[in-house]
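Single-structure report; data block below.
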Amino acid sequence: MERKNIYVAYTGGTIGMKKSAQGYVPAAGHLSQCVENLPEFFREEMPHFDIHEYAPLMDSSDMTPTDWVRIARDIEQNYDRYDGFVILHGTDTMAYTASALSFMLQDLGKPVIVTGSQIPLSALRSDGQINLLNALYIAANYPINEVSLFFNNTLFRGNRATKADANGFNAFSSPNYPSLLEAGIQIKLNAGELSTPPSVPMSVAEMTPQPIGVVMLYPGISHKLIDNMMQQPVKALIIQSYGVGNAPQDKKLLDSFKRGIEQGIIIVNCTQCFKGRVNMDGYATGNALAQLGIVSGSDMTIEAALTKLHYLLSQNLSRQAIIEHITTDLRGELTQ
């Protein structure tokens with residue numbers, strides 16, 4: 001069988017860092033050199049691949065919506081030349097980038113896998129080697145035509161993943177959706193489907209930086225905090241509420257939300273729980289939010305809710321259409 005061709009975009013992050021007197025730092029060309037010295041990447045079972053390093057290399061903490069667009073356009077420009085894509089990325093905002101790409105890459109007919117590592121590829125005991133090796137192998141031999149995130153032998157749907165551990169190798173989790181694939185002794189498909197490419201060509205949806213606020217509710221939160229956020233030029237606000245979507249019944253707080261909605265701000269209710277979904281019909285404390293016109297975020301991760309809002313607000317849509325799309329499953333990001 002003819003070997004597949006995979007495009008690797010190294011945006012930055014721990015996987016390609018080099019040791020220095022000040023600790024590990026990004027170093028141009030270092031990742032490619034490390035890979036060249038690892039013969040397992042060039043076995044017959046592996047696909048051909050080309051590594052393109054971004055300049056400058058970025059710490060993922062510095063990622064912005066403009067950088068998500070850059071990655072999407074990079075995939076678009078190389079789409080016809082390769083069978084799949086691997087995006088190497090720092091772990092801190094990896095789930096945000098994976099979510100954003102899932103909304104921007106429309107009618108995707110090839111696999112796009114975002115991965116990285118907790119320890120640099122050149123260091124002893126690095127998890128980068130197995131993550132990159134598996135990502136390349138899966139992209140070529142188990143193509144799941146969506147944006148996914150691979151870490152620690154597990155392939156997650158990109159817009160369902162969230163960083164769950166700052167220190168361990170099992171850094172990512174998908175609390176409300178099963179994994180797409182498990183790379184154990186055998187490679188096992190779970191929720192992933194080896195689908196045929198769509199009949200329409202892939203396209204990149206516009207995404208421009210949008211003023212979006214995020215606030216976590218906590219006992220004793222003041223309505224003044226919400227008022228201050230509403231005074232900013234925000235178009236949307238994500239509130240991380242208690243449990244299944246509950247909030248304090250403080251009249252001043254509810255009035256703040258009401259004023260924001262009357263100003264045209266879209267308010268989305270996501271649970272601050274790691275797992276589960278919003279159900280504002282369950283308790284009076286949640287129903288009060290629904291009565292104001294606050295929109296359910298269902299079981300979306302914060303990363304998915306935020307990037308989905310960036311995507312929707314970048315389109316030429318009415319406010320009502322945006323609200324309807326928030327509660328609609330567009331890319332597998334929520335359970336309806």
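Within each chain, counting starts at residue 1; across the structure tokens, chains are named A, B, ... in the order shown, with ligands numbered 1 upward in that order.
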
Name all residues at most 12 Å from Asp165 of chain A (count only C-alpha atoms; drop same-chain ones fewer than 4 positions away) and give them as a VMD selection string. chain A and resid 91 to 92 118 151 to 152 169 to 173

Spatial neighbours of Ile294 of chain A, max dist 6 Å, only C-alpha atoms, sep filter under 4 positions, as a PDB file with C-alpha atoms, in the first residue's frame:
ATOM      1  CA  ILE A 267     -25.336  35.238  27.967  1.00  0.00           C
ATOM      2  CA  VAL A 268     -24.532  31.520  27.890  1.00  0.00           C
ATOM      3  CA  LEU A 289     -31.961  32.427  34.468  1.00  0.00           C
ATOM      4  CA  ALA A 290     -33.884  30.831  31.619  1.00  0.00           C
TER       5      ALA A 290
END

Q: Name the residues in contact with segment 188-196 of chain A at a cut-off of 6 Å, using only C-alpha atoms, excluding same-chain residues fewer than 5 positions from it; report them as a list in words.
A: Pro143, Ile144, Leu180, Leu181 and Glu182 of chain A

Would you give me, as JSON lines, each residue of segment 27-58 of chain A having an atom within 12 Å of an atom of segment 66-73 of chain A, along with its shortest atom pair and that distance in Å to one decimal, using only C-alpha atoms and sorting by chain and residue number?
{"residue": "A:His52", "atom": "CA", "partner": "A:Ile71", "partner_atom": "CA", "distance": 11.4}
{"residue": "A:Glu53", "atom": "CA", "partner": "A:Ile71", "partner_atom": "CA", "distance": 11.5}
{"residue": "A:Tyr54", "atom": "CA", "partner": "A:Ile71", "partner_atom": "CA", "distance": 9.6}
{"residue": "A:Ala55", "atom": "CA", "partner": "A:Arg70", "partner_atom": "CA", "distance": 11.9}
{"residue": "A:Pro56", "atom": "CA", "partner": "A:Asp67", "partner_atom": "CA", "distance": 11.8}
{"residue": "A:Leu57", "atom": "CA", "partner": "A:Asp67", "partner_atom": "CA", "distance": 11.5}
{"residue": "A:Met58", "atom": "CA", "partner": "A:Asp67", "partner_atom": "CA", "distance": 9.7}

Kindly save the residues from that selection, with N, CA and C atoms included, as a PDB file, in the first residue's frame.
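Written output follows (out.pdb):
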ATOM      1  N   HIS A  52       6.735  21.569   9.234  1.00  0.00           N
ATOM      2  CA  HIS A  52       6.838  23.010   9.001  1.00  0.00           C
ATOM      3  C   HIS A  52       6.811  23.709  10.344  1.00  0.00           C
ATOM      4  N   GLU A  53       7.914  24.394  10.675  1.00  0.00           N
ATOM      5  CA  GLU A  53       7.982  25.109  11.947  1.00  0.00           C
ATOM      6  C   GLU A  53       7.531  26.556  11.760  1.00  0.00           C
ATOM      7  N   TYR A  54       6.662  26.990  12.665  1.00  0.00           N
ATOM      8  CA  TYR A  54       6.231  28.382  12.618  1.00  0.00           C
ATOM      9  C   TYR A  54       7.352  29.290  13.134  1.00  0.00           C
ATOM     10  N   ALA A  55       7.373  30.512  12.646  1.00  0.00           N
ATOM     11  CA  ALA A  55       8.370  31.481  13.098  1.00  0.00           C
ATOM     12  C   ALA A  55       7.664  32.792  13.432  1.00  0.00           C
ATOM     13  N   PRO A  56       7.767  33.232  14.666  1.00  0.00           N
ATOM     14  CA  PRO A  56       8.470  32.574  15.767  1.00  0.00           C
ATOM     15  C   PRO A  56       7.620  31.451  16.367  1.00  0.00           C
ATOM     16  N   LEU A  57       8.287  30.528  17.039  1.00  0.00           N
ATOM     17  CA  LEU A  57       7.567  29.499  17.779  1.00  0.00           C
ATOM     18  C   LEU A  57       6.860  30.145  18.965  1.00  0.00           C
ATOM     19  N   MET A  58       5.662  29.655  19.271  1.00  0.00           N
ATOM     20  CA  MET A  58       4.844  30.294  20.296  1.00  0.00           C
ATOM     21  C   MET A  58       4.629  29.414  21.517  1.00  0.00           C
TER      22      MET A  58
END

Contacts of segment 299-314 of chain A at 6 Å (only C-alpha atoms; same-chain gap of 2+ positions) as an MDAnalysis selection string: chainID A and resid 96 99:100 159 207:208 210 277 297 334
